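Asker: structure.cif is the file, holding mmCIF, C-alpha atoms and all ligand atoms:
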data_target
#
loop_
_atom_site.label_atom_id
_atom_site.label_comp_id
_atom_site.auth_asym_id
_atom_site.auth_seq_id
_atom_site.Cartn_x
_atom_site.Cartn_y
_atom_site.Cartn_z
CA MET A 1 -26.15 45.12 -181.38
CA ALA A 2 -26.79 42.01 -179.32
CA THR A 3 -23.82 40.00 -178.23
CA GLN A 4 -23.40 36.81 -180.15
CA ASN A 5 -24.77 33.77 -178.47
CA SER A 6 -22.78 30.80 -179.66
CA ASP A 7 -25.71 28.38 -179.77
CA LYS A 8 -27.70 30.59 -182.10
CA PRO A 9 -26.57 30.13 -185.69
CA VAL A 10 -25.68 33.03 -187.94
CA LEU A 11 -27.92 32.86 -191.01
CA GLY A 12 -26.86 34.43 -194.28
CA ILE A 13 -29.37 34.88 -197.09
CA ILE A 14 -27.76 35.04 -200.54
CA VAL A 15 -29.69 36.86 -203.26
CA PRO A 16 -28.33 36.88 -206.82
CA CYS A 17 -29.55 39.90 -208.78
CA TYR A 18 -29.34 40.61 -212.47
CA ASN A 19 -31.17 43.76 -213.55
CA GLU A 20 -33.51 43.61 -210.60
CA GLU A 21 -33.98 47.35 -209.90
CA ASP A 22 -37.74 46.84 -209.84
CA VAL A 23 -37.69 44.41 -206.95
CA VAL A 24 -34.50 44.70 -204.96
CA ALA A 25 -35.75 47.17 -202.30
CA GLN A 26 -39.00 45.31 -201.85
CA THR A 27 -37.11 42.03 -201.59
CA PHE A 28 -34.88 43.45 -198.90
CA GLU A 29 -37.88 44.64 -196.87
CA ALA A 30 -39.52 41.24 -197.03
CA LEU A 31 -36.38 39.24 -196.22
CA SER A 32 -35.39 41.60 -193.47
CA SER A 33 -38.74 41.28 -191.73
CA VAL A 34 -38.42 37.49 -191.79
CA GLN A 35 -34.91 37.81 -190.45
CA GLN A 36 -35.97 40.15 -187.63
CA ARG A 37 -38.74 37.77 -186.67
CA LEU A 38 -36.32 34.85 -186.44
CA ILE A 39 -33.91 36.93 -184.35
CA ARG A 40 -36.75 37.88 -181.98
CA LYS A 41 -37.73 34.24 -181.68
CA ASP A 42 -34.11 33.44 -180.75
CA LYS A 43 -33.78 31.07 -183.69
CA ILE A 44 -30.86 32.86 -185.32
CA SER A 45 -28.09 35.14 -184.18
CA ALA A 46 -28.43 38.92 -184.36
CA GLU A 47 -25.39 38.88 -186.60
CA SER A 48 -27.35 37.23 -189.36
CA PHE A 49 -27.21 39.04 -192.68
CA ILE A 50 -28.63 39.39 -196.16
CA ALA A 51 -26.08 39.36 -198.98
CA PHE A 52 -26.87 40.60 -202.46
CA VAL A 53 -24.77 39.55 -205.43
CA ASP A 54 -25.01 41.92 -208.35
CA ASP A 55 -24.32 39.80 -211.41
CA GLY A 56 -23.15 42.60 -213.69
CA SER A 57 -26.50 44.41 -213.89
CA GLU A 58 -26.81 47.15 -216.47
CA ASP A 59 -29.55 48.98 -214.58
CA ARG A 60 -29.54 50.69 -211.16
CA THR A 61 -29.46 47.47 -209.13
CA TRP A 62 -26.03 48.13 -207.64
CA GLU A 63 -26.83 51.71 -206.58
CA LEU A 64 -29.97 50.45 -204.88
CA ILE A 65 -27.98 47.78 -203.06
CA GLU A 66 -25.51 50.43 -201.88
CA ASP A 67 -28.41 52.50 -200.56
CA LEU A 68 -29.69 49.50 -198.65
CA ARG A 69 -26.23 48.95 -197.21
CA ASP A 70 -26.14 52.54 -195.97
CA LYS A 71 -29.51 52.12 -194.31
CA ALA A 72 -29.18 48.68 -192.77
CA MET A 73 -26.30 47.05 -190.91
CA CYS A 74 -27.32 43.56 -191.90
CA VAL A 75 -26.72 44.07 -195.62
CA LYS A 76 -23.63 42.71 -197.33
CA ALA A 77 -23.02 42.75 -201.04
CA LEU A 78 -20.83 41.62 -203.88
CA LYS A 79 -20.54 43.24 -207.24
CA LEU A 80 -19.30 40.90 -209.93
CA ALA A 81 -17.19 42.39 -212.69
CA GLY A 82 -19.63 41.25 -215.37
CA ASN A 83 -22.56 38.95 -216.01
CA PHE A 84 -21.39 35.49 -214.98
CA GLY A 85 -24.80 33.85 -214.90
CA HIS A 86 -27.15 32.83 -212.12
CA GLN A 87 -25.22 29.74 -210.97
CA ASN A 88 -21.88 31.51 -210.78
CA ALA A 89 -23.40 34.51 -209.04
CA LEU A 90 -24.90 32.19 -206.47
CA LEU A 91 -21.60 30.39 -206.01
CA SER A 92 -19.68 33.62 -205.51
CA GLY A 93 -22.10 34.61 -202.74
CA LEU A 94 -21.98 31.23 -201.04
CA PHE A 95 -18.20 31.01 -201.09
CA THR A 96 -17.53 34.60 -200.11
CA PHE A 97 -19.82 34.59 -197.10
CA LEU A 98 -19.56 31.02 -195.89
CA GLU A 99 -16.95 31.83 -193.26
CA GLU A 100 -19.23 34.43 -191.74
CA ALA A 101 -22.29 32.24 -191.34
CA ASP A 102 -23.28 28.88 -189.93
CA CYS A 103 -25.82 28.31 -192.65
CA LEU A 104 -26.69 30.06 -195.89
CA ILE A 105 -29.99 30.20 -197.74
CA SER A 106 -30.03 31.02 -201.44
CA ILE A 107 -33.13 32.65 -202.88
CA ASP A 108 -33.99 34.47 -206.12
CA ALA A 109 -34.38 38.23 -206.02
CA ASP A 110 -37.89 38.17 -207.47
CA LEU A 111 -39.43 36.60 -204.34
CA GLN A 112 -41.21 33.91 -206.29
CA ASP A 113 -40.18 31.53 -203.55
CA ASP A 114 -42.14 31.66 -200.32
CA ILE A 115 -40.01 33.48 -197.76
CA ASN A 116 -42.11 32.16 -194.89
CA VAL A 117 -40.53 28.77 -195.49
CA ILE A 118 -37.21 30.23 -194.36
CA GLU A 119 -38.28 29.69 -190.76
CA THR A 120 -39.00 26.01 -191.40
CA MET A 121 -35.61 25.69 -193.08
CA VAL A 122 -33.92 27.14 -190.01
CA ASP A 123 -35.92 24.78 -187.78
CA ARG A 124 -34.63 21.85 -189.82
CA PHE A 125 -31.11 23.19 -189.47
CA HIS A 126 -31.60 23.15 -185.68
CA GLU A 127 -32.66 19.51 -186.08
CA ALA A 128 -29.18 18.86 -187.52
CA TYR A 129 -30.09 18.75 -191.22
CA GLU A 130 -27.22 20.08 -193.30
CA VAL A 131 -29.11 20.64 -196.55
CA VAL A 132 -32.75 21.69 -196.72
CA TYR A 133 -34.23 21.72 -200.21
CA GLY A 134 -37.14 24.03 -200.97
CA VAL A 135 -39.50 22.01 -203.14
CA ARG A 136 -42.48 23.39 -205.03
CA ARG A 137 -45.75 21.83 -204.02
CA SER A 138 -47.32 22.30 -207.43
CA ARG A 139 -46.82 24.18 -210.64
CA GLU A 140 -50.28 25.65 -210.94
CA ASN A 141 -48.94 29.17 -211.44
CA ASP A 142 -46.84 28.10 -214.41
CA THR A 143 -47.90 28.19 -218.02
CA LEU A 144 -48.81 24.85 -219.56
CA PHE A 145 -45.66 25.07 -221.64
CA LYS A 146 -43.40 25.54 -218.62
CA LYS A 147 -45.17 22.73 -216.75
CA LEU A 148 -44.62 20.39 -219.67
CA THR A 149 -40.99 21.29 -220.30
CA ALA A 150 -40.18 21.14 -216.60
CA HIS A 151 -41.74 17.69 -216.33
CA CYS A 152 -39.80 16.43 -219.36
CA PHE A 153 -36.62 17.90 -217.89
CA TYR A 154 -36.92 16.05 -214.59
CA GLU A 155 -37.95 12.81 -216.29
CA LEU A 156 -35.01 13.02 -218.68
CA MET A 157 -32.57 13.80 -215.88
CA GLN A 158 -33.78 10.79 -213.93
CA LYS A 159 -33.53 8.54 -216.99
CA MET A 160 -29.99 9.76 -217.51
CA GLY A 161 -29.13 8.75 -213.98
CA VAL A 162 -28.66 12.25 -212.56
CA LYS A 163 -29.62 12.50 -208.89
CA ILE A 164 -31.91 15.50 -208.81
CA ILE A 165 -34.67 16.63 -206.49
CA TYR A 166 -37.99 16.91 -208.32
CA ASN A 167 -39.26 20.50 -208.48
CA HIS A 168 -36.39 21.93 -206.50
CA ALA A 169 -34.68 24.98 -207.94
CA ASP A 170 -32.05 26.99 -206.12
CA PHE A 171 -34.03 27.83 -202.99
CA ARG A 172 -32.20 25.90 -200.29
CA LEU A 173 -30.43 26.07 -196.98
CA THR A 174 -26.93 24.66 -196.72
CA SER A 175 -24.64 24.42 -193.73
CA ARG A 176 -21.14 25.81 -193.75
CA ARG A 177 -19.82 22.26 -193.64
CA VAL A 178 -21.55 21.30 -196.87
CA LEU A 179 -20.34 24.45 -198.59
CA THR A 180 -16.78 23.74 -197.48
CA GLU A 181 -17.10 20.38 -199.22
CA LEU A 182 -18.62 22.07 -202.27
CA GLN A 183 -15.44 24.10 -202.59
CA LYS A 184 -13.61 20.92 -203.50
CA TYR A 185 -15.67 20.59 -206.66
CA LYS A 186 -13.65 22.61 -209.12
CA GLU A 187 -15.84 22.22 -212.19
CA VAL A 188 -16.48 25.26 -214.32
CA ASN A 189 -19.73 23.83 -215.69
CA LEU A 190 -21.91 24.51 -212.72
CA PHE A 191 -25.24 22.89 -212.05
CA LEU A 192 -25.61 23.41 -208.34
CA ARG A 193 -28.85 21.56 -207.77
CA GLY A 194 -27.23 18.42 -209.16
CA LEU A 195 -24.16 18.75 -206.94
CA PHE A 196 -25.70 18.90 -203.49
CA PRO A 197 -27.32 15.45 -203.66
CA ILE A 198 -23.91 14.03 -204.60
CA ILE A 199 -22.13 15.71 -201.71
CA GLY A 200 -24.39 13.89 -199.27
CA PHE A 201 -24.93 14.72 -195.56
CA LYS A 202 -28.27 14.62 -193.80
CA SER A 203 -30.82 16.41 -195.95
CA THR A 204 -34.55 17.02 -196.07
CA GLN A 205 -37.16 18.90 -198.07
CA VAL A 206 -39.72 21.58 -197.27
CA LEU A 207 -42.71 22.20 -199.49
CA TYR A 208 -43.87 25.63 -200.61
CA ASP A 209 -45.98 27.33 -203.25
CA ARG A 210 -44.13 29.34 -205.83
CA LYS A 211 -45.68 32.67 -206.71
CA GLU A 212 -45.50 34.77 -209.81
CA ARG A 213 -42.63 37.20 -210.20
CA GLN A 214 -43.30 40.39 -208.17
CA ALA A 215 -41.97 42.75 -210.83
CA GLY A 216 -39.37 42.90 -213.55
CA TYR A 217 -39.01 40.17 -216.15
CA SER A 218 -37.64 36.64 -216.26
CA LYS A 219 -33.95 36.33 -217.10
CA TYR A 220 -34.43 32.75 -218.15
CA PRO A 221 -35.91 32.71 -221.63
CA LEU A 222 -36.54 29.37 -223.35
CA ARG A 223 -33.14 29.41 -225.04
CA LYS A 224 -31.33 29.67 -221.69
CA MET A 225 -33.59 27.04 -220.14
CA LEU A 226 -32.77 24.54 -222.86
CA GLY A 227 -29.07 25.26 -222.48
CA PHE A 228 -29.39 24.81 -218.74
CA ALA A 229 -31.13 21.45 -219.14
CA LEU A 230 -28.49 20.23 -221.58
CA ASP A 231 -25.76 21.40 -219.22
CA GLY A 232 -27.41 19.57 -216.38
CA ILE A 233 -27.40 16.30 -218.24
CA THR A 234 -23.96 16.49 -219.77
CA SER A 235 -22.38 17.64 -216.50
CA PHE A 236 -23.59 14.66 -214.55
CA SER A 237 -24.14 11.79 -216.92
CA ILE A 238 -22.28 10.04 -219.71
CA LYS A 239 -25.35 8.01 -220.59
CA PRO A 240 -25.95 9.90 -223.86
CA LEU A 241 -22.54 8.68 -225.04
CA ARG A 242 -23.42 5.14 -224.07
CA LEU A 243 -26.80 5.36 -225.81
CA LEU A 244 -24.91 6.39 -228.91
CA THR A 245 -22.76 3.29 -228.71
CA VAL A 246 -25.83 1.12 -228.24
CA ALA A 247 -27.63 2.78 -231.15
CA GLY A 248 -24.57 2.34 -233.36
CA PHE A 249 -24.34 -1.32 -232.44
CA LEU A 250 -28.04 -1.97 -233.08
CA LEU A 251 -27.81 -0.26 -236.45
CA PHE A 252 -24.79 -2.34 -237.32
CA LEU A 253 -26.72 -5.53 -236.51
CA THR A 254 -29.69 -4.35 -238.53
CA SER A 255 -27.52 -3.57 -241.51
CA ILE A 256 -26.03 -7.09 -241.42
CA LEU A 257 -29.51 -8.60 -241.36
CA LEU A 258 -30.53 -6.33 -244.22
CA SER A 259 -27.51 -7.40 -246.24
CA PHE A 260 -28.53 -11.04 -245.87
CA TYR A 261 -32.02 -10.10 -246.92
CA ALA A 262 -30.71 -8.22 -249.97
CA ILE A 263 -28.41 -11.06 -251.06
CA LEU A 264 -31.10 -13.68 -250.55
CA SER A 265 -33.75 -11.77 -252.45
CA TYR A 266 -31.26 -11.13 -255.26
CA ILE A 267 -30.50 -14.85 -255.52
CA LEU A 268 -34.07 -16.06 -255.06
CA ILE A 269 -36.15 -13.46 -256.88
CA GLY A 270 -33.57 -11.50 -258.74
CA THR A 271 -35.07 -8.14 -257.83
CA VAL A 272 -33.20 -4.91 -257.62
CA HIS A 273 -34.62 -3.04 -254.69
CA GLY A 274 -35.96 0.38 -255.20
CA TRP A 275 -35.53 3.88 -254.13
CA ALA A 276 -37.05 3.72 -250.64
CA SER A 277 -34.73 1.04 -249.33
CA ILE A 278 -31.71 3.12 -250.30
CA VAL A 279 -32.89 6.59 -249.47
CA LEU A 280 -34.54 5.93 -246.10
CA PRO A 281 -31.48 4.37 -244.44
CA MET A 282 -29.42 7.18 -245.86
CA TYR A 283 -31.47 9.80 -244.03
CA LEU A 284 -31.69 7.68 -240.93
CA LEU A 285 -28.00 7.00 -240.74
CA GLY A 286 -27.07 10.54 -241.71
CA GLY A 287 -29.29 11.90 -238.96
CA LEU A 288 -27.98 9.51 -236.37
CA GLN A 289 -24.39 10.27 -237.29
CA LEU A 290 -24.93 13.98 -236.99
CA LEU A 291 -26.69 13.51 -233.67
CA GLY A 292 -23.79 11.38 -232.50
CA ILE A 293 -21.23 13.95 -233.52
CA GLY A 294 -23.32 16.63 -231.84
CA ILE A 295 -23.46 14.75 -228.55
CA ILE A 296 -19.74 14.05 -228.61
CA GLY A 297 -19.23 17.72 -229.41
CA GLU A 298 -21.22 18.71 -226.32
CA TYR A 299 -18.91 16.72 -224.11
CA LEU A 300 -15.85 17.90 -225.97
CA GLY A 301 -16.98 21.48 -225.42
CA LYS A 302 -17.36 20.75 -221.73
CA ILE A 303 -13.88 19.30 -221.51
CA TYR A 304 -12.55 22.30 -223.40
CA LYS A 305 -14.15 24.65 -220.89
CA GLU A 306 -12.89 22.61 -217.94
CA VAL A 307 -9.28 22.39 -219.07
CA LYS A 308 -9.07 26.12 -219.50
CA GLN A 309 -9.76 26.43 -215.77
CA ARG A 310 -11.07 29.93 -216.10
CA PRO A 311 -12.31 31.59 -212.93
CA ARG A 312 -16.02 31.03 -212.39
CA TYR A 313 -16.59 34.60 -211.30
CA ILE A 314 -14.64 37.79 -210.70
CA ILE A 315 -15.50 40.06 -207.82
CA GLU A 316 -15.21 43.77 -208.47
CA LYS A 317 -16.40 45.15 -205.14
CA GLU A 318 -17.38 43.88 -201.74
CA LEU A 319 -19.56 45.59 -199.15
CA ARG A 320 -19.55 44.21 -195.62
N1 LIG A 401 -29.93 35.98 -212.34
C1 LIG A 401 -28.55 36.25 -212.24
N2 LIG A 401 -27.79 36.26 -213.37
C2 LIG A 401 -28.30 35.97 -214.61
C3 LIG A 401 -29.68 35.65 -214.70
C4 LIG A 401 -30.46 35.65 -213.55
O1 LIG A 401 -28.06 36.50 -211.15
O2 LIG A 401 -27.55 36.00 -215.59
C5 LIG A 401 -30.76 35.98 -211.12
C6 LIG A 401 -32.01 36.82 -211.20
O3 LIG A 401 -31.76 38.16 -210.83
C7 LIG A 401 -32.92 36.12 -210.21
C8 LIG A 401 -32.51 34.67 -210.33
O4 LIG A 401 -31.23 34.66 -210.93
O5 LIG A 401 -32.69 36.54 -208.88
C9 LIG A 401 -33.48 33.85 -211.14
O6 LIG A 401 -33.78 34.50 -212.37
P1 LIG A 401 -35.27 34.69 -212.92
O7 LIG A 401 -36.20 34.99 -211.80
O8 LIG A 401 -35.21 35.69 -214.01
O9 LIG A 401 -35.54 33.24 -213.51
P2 LIG A 401 -36.96 32.47 -213.56
O10 LIG A 401 -37.51 32.50 -212.17
O11 LIG A 401 -37.79 33.20 -214.54
O12 LIG A 401 -36.59 31.08 -213.99
MG MG A 402 -37.87 34.06 -211.09
#
Any chance you could put this one into structure tokens?
Ligand code: UDP
Ligand code: MG
Answerer:
Amino acid sequence: MATQNSDKPVLGIIVPCYNEEDVVAQTFEALSSVQQRLIRKDKISAESFIAFVDDGSEDRTWELIEDLRDKAMCVKALKLAGNFGHQNALLSGLFTFLEEADCLISIDADLQDDINVIETMVDRFHEAYEVVYGVRRSRENDTLFKKLTAHCFYELMQKMGVKIIYNHADFRLTSRRVLTELQKYKEVNLFLRGLFPIIGFKSTQVLYDRKERQAGYSKYPLRKMLGFALDGITSFSIKPLRLLTVAGFLLFLTSILLSFYAILSYILIGTVHGWASIVLPMYLLGGLQLLGIGIIGEYLGKIYKEVKQRPRYIIEKELR
């Protein structure tokens, strides 16, 4: 093994895996060839590594990772005690290996993200950028539905005042310094891509084309995506609560105006108003009230989860 040259940074690549037996070996091959190339070009230290995080897979993912570890020195791995979810798996990898690297890149196991961009990310790191966001150039490989929902998601986040990078998922390079700061954020409700822009430091973006999944199936069905979007908003913005106040106030004003109208028309014309004017506001107000309670409930649930202070992940095994 080459002696460590202090001006070459150690790069760690963190790969969260949940039931990825179909891709994990292939992913390692691809990442390792990129890594070797960067070592040859003297851009990163020979001590750079690839770290897999097994997020409680029920298939053979962990055995395959152990095999890789036996074959290659540069493999490190974590096995979580159960399925803690993508964000937590990522976090466990970042925090466990941050002391051993100068910068860490997180990437999905399915290689949908373009691994050739890794070199550009490292170049940016050499130019003193502390966070490099991988940003998708377009969404032409996505279904119309995914395009539409993704667009709505980013629009909504922006309207709600959440700082978020358009079309950036969790493919990014972060320096050890930034991750050390991230450790101060103790929240259990994790939405990593919303946190990094808040932390600050010099950051930049690199563009890439996202491919289709190599093999296996998506672990983010619509239900999880919606939950993720809702989490993103309620973790970073209290605007929904404010909107509720505004809506309540407007409705209150309207109801006062309507009362005047009702009294006046009773005095002037003597009419008793009909069904529609009673039933429609009933549905409207009922709906709004339920929505309001629901939104407050979302935040209450968040607070509930935060006060419990449960660990965000539990590590069962570590391979170094
Ligand atoms: N993943 C994880 N834990 C989970 C779900 C997903 O670690 O509970 C990993 C998964 O193995 C993959 C990444 O998170 O490496 C992104 O998942 P996926 O590719 O299924 O999501 P999609 O790209 O379809 O949004
Ligand atoms: Mg994927």
Asker: I want to know what sits within 12 Å of A:Tyr313, based on only C-alpha atoms, with residues of the same chain fewer than 2 positions away left out; could you give that as a PDB file with C-alpha atoms, in the coordinates of the input?
Answerer:
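Saved result, result-v5.pdb, follows:
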ATOM      1  CA  VAL A  53     -24.770  39.550-205.430  1.00  0.00           C
ATOM      2  CA  ASP A  54     -25.010  41.920-208.350  1.00  0.00           C
ATOM      3  CA  ASP A  55     -24.320  39.800-211.410  1.00  0.00           C
ATOM      4  CA  GLY A  56     -23.150  42.600-213.690  1.00  0.00           C
ATOM      5  CA  LEU A  78     -20.830  41.620-203.880  1.00  0.00           C
ATOM      6  CA  LYS A  79     -20.540  43.240-207.240  1.00  0.00           C
ATOM      7  CA  LEU A  80     -19.300  40.900-209.930  1.00  0.00           C
ATOM      8  CA  ALA A  81     -17.190  42.390-212.690  1.00  0.00           C
ATOM      9  CA  GLY A  82     -19.630  41.250-215.370  1.00  0.00           C
ATOM     10  CA  ASN A  83     -22.560  38.950-216.010  1.00  0.00           C
ATOM     11  CA  PHE A  84     -21.390  35.490-214.980  1.00  0.00           C
ATOM     12  CA  GLY A  85     -24.800  33.850-214.900  1.00  0.00           C
ATOM     13  CA  HIS A  86     -27.150  32.830-212.120  1.00  0.00           C
ATOM     14  CA  GLN A  87     -25.220  29.740-210.970  1.00  0.00           C
ATOM     15  CA  ASN A  88     -21.880  31.510-210.780  1.00  0.00           C
ATOM     16  CA  ALA A  89     -23.400  34.510-209.040  1.00  0.00           C
ATOM     17  CA  LEU A  90     -24.900  32.190-206.470  1.00  0.00           C
ATOM     18  CA  LEU A  91     -21.600  30.390-206.010  1.00  0.00           C
ATOM     19  CA  SER A  92     -19.680  33.620-205.510  1.00  0.00           C
ATOM     20  CA  GLY A  93     -22.100  34.610-202.740  1.00  0.00           C
ATOM     21  CA  PHE A  95     -18.200  31.010-201.090  1.00  0.00           C
ATOM     22  CA  THR A  96     -17.530  34.600-200.110  1.00  0.00           C
ATOM     23  CA  VAL A 188     -16.480  25.260-214.320  1.00  0.00           C
ATOM     24  CA  LEU A 190     -21.910  24.510-212.720  1.00  0.00           C
ATOM     25  CA  GLN A 309      -9.760  26.430-215.770  1.00  0.00           C
ATOM     26  CA  ARG A 310     -11.070  29.930-216.100  1.00  0.00           C
ATOM     27  CA  PRO A 311     -12.310  31.590-212.930  1.00  0.00           C
ATOM     28  CA  ILE A 315     -15.500  40.060-207.820  1.00  0.00           C
ATOM     29  CA  GLU A 316     -15.210  43.770-208.470  1.00  0.00           C
TER      30      GLU A 316
END
Asker: Would you kindly return, as a CSV table (one decimal) with C-alpha atoms, in the coordinates of the input, each protein, DNA or RNA residue with an atom no farther than 12 Å from any atom of A:Leu258, considering only C-alpha atoms and excluding same-chain residues fewer than 5 positions away?
Answerer:
chain,number,residue,atom,x,y,z
A,251,LEU,CA,-27.8,-0.3,-236.4
A,252,PHE,CA,-24.8,-2.3,-237.3
A,253,LEU,CA,-26.7,-5.5,-236.5
A,263,ILE,CA,-28.4,-11.1,-251.1
A,264,LEU,CA,-31.1,-13.7,-250.6
A,265,SER,CA,-33.8,-11.8,-252.4
A,273,HIS,CA,-34.6,-3.0,-254.7
A,277,SER,CA,-34.7,1.0,-249.3
A,278,ILE,CA,-31.7,3.1,-250.3
A,281,PRO,CA,-31.5,4.4,-244.4
Asker: Quick one: contact table of chain A to ligand MG 402 (chain A), 6 Å max, nearest atom pair and distance in Å to one decimal per residue, counting only C-alpha atoms and all ligand atoms, chain and number order, as JSON lines?
Answerer:
{"residue": "A:Asp110", "atom": "CA", "partner": "A:MG402", "partner_atom": "MG", "distance": 5.5}
{"residue": "A:Gln112", "atom": "CA", "partner": "A:MG402", "partner_atom": "MG", "distance": 5.8}
{"residue": "A:Arg213", "atom": "CA", "partner": "A:MG402", "partner_atom": "MG", "distance": 5.8}
{"residue": "A:Ser218", "atom": "CA", "partner": "A:MG402", "partner_atom": "MG", "distance": 5.8}
Asker: Might I get the box with edges along x, y and z of the file that holds all atoms of stretch 291-300 of chain A listed there, padded by 3 Å on every side, given as centre and edge lengths in Å to one decimal, as AutoDock Vina command-line options?
Answerer:
--center_x -21.3 --center_y 15.0 --center_z -228.9 --size_x 16.8 --size_y 13.3 --size_z 15.6
Asker: To one decimal place, how far is atom CA of A:Gly194 from atom CA of A:Ile164 in Å?
Answerer: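 Separating atom CA of A:Gly194 from atom CA of A:Ile164 is a distance of 5.5 Å.
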Asker: Find the distance between atom CA of A:Lys202 and atom CA of A:Thr120 and write it in Å to one decimal.
Answerer: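 For atom CA of A:Lys202 relative to atom CA of A:Thr120, the distance reads 15.8 Å.
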Asker: May I ask which of the residues A:Val24, A:Ala51, A:Leu144, A:Val122 is the closest one to A:Lys8, counting all atoms listed in the file?
Answerer: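 Among the listed residues, the smallest separation from A:Lys8 belongs to A:Val122.
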Asker: From the list A:Ile44, A:Leu244, A:Cys74, A:Ile107, which residue is nearest ligand LIG 401 (chain A) when using all atoms listed in the file?
Answerer: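 Among the listed residues, the smallest separation from ligand LIG 401 (chain A) belongs to A:Ile107.
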Asker: Of the residues A:Arg176, A:His168, A:Arg312, A:Lys219, which is the one nearest to ligand LIG 401 (chain A), using all atoms listed in the file?
Answerer: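 Answer, going by the shortest atom-to-atom distance: A:Lys219.
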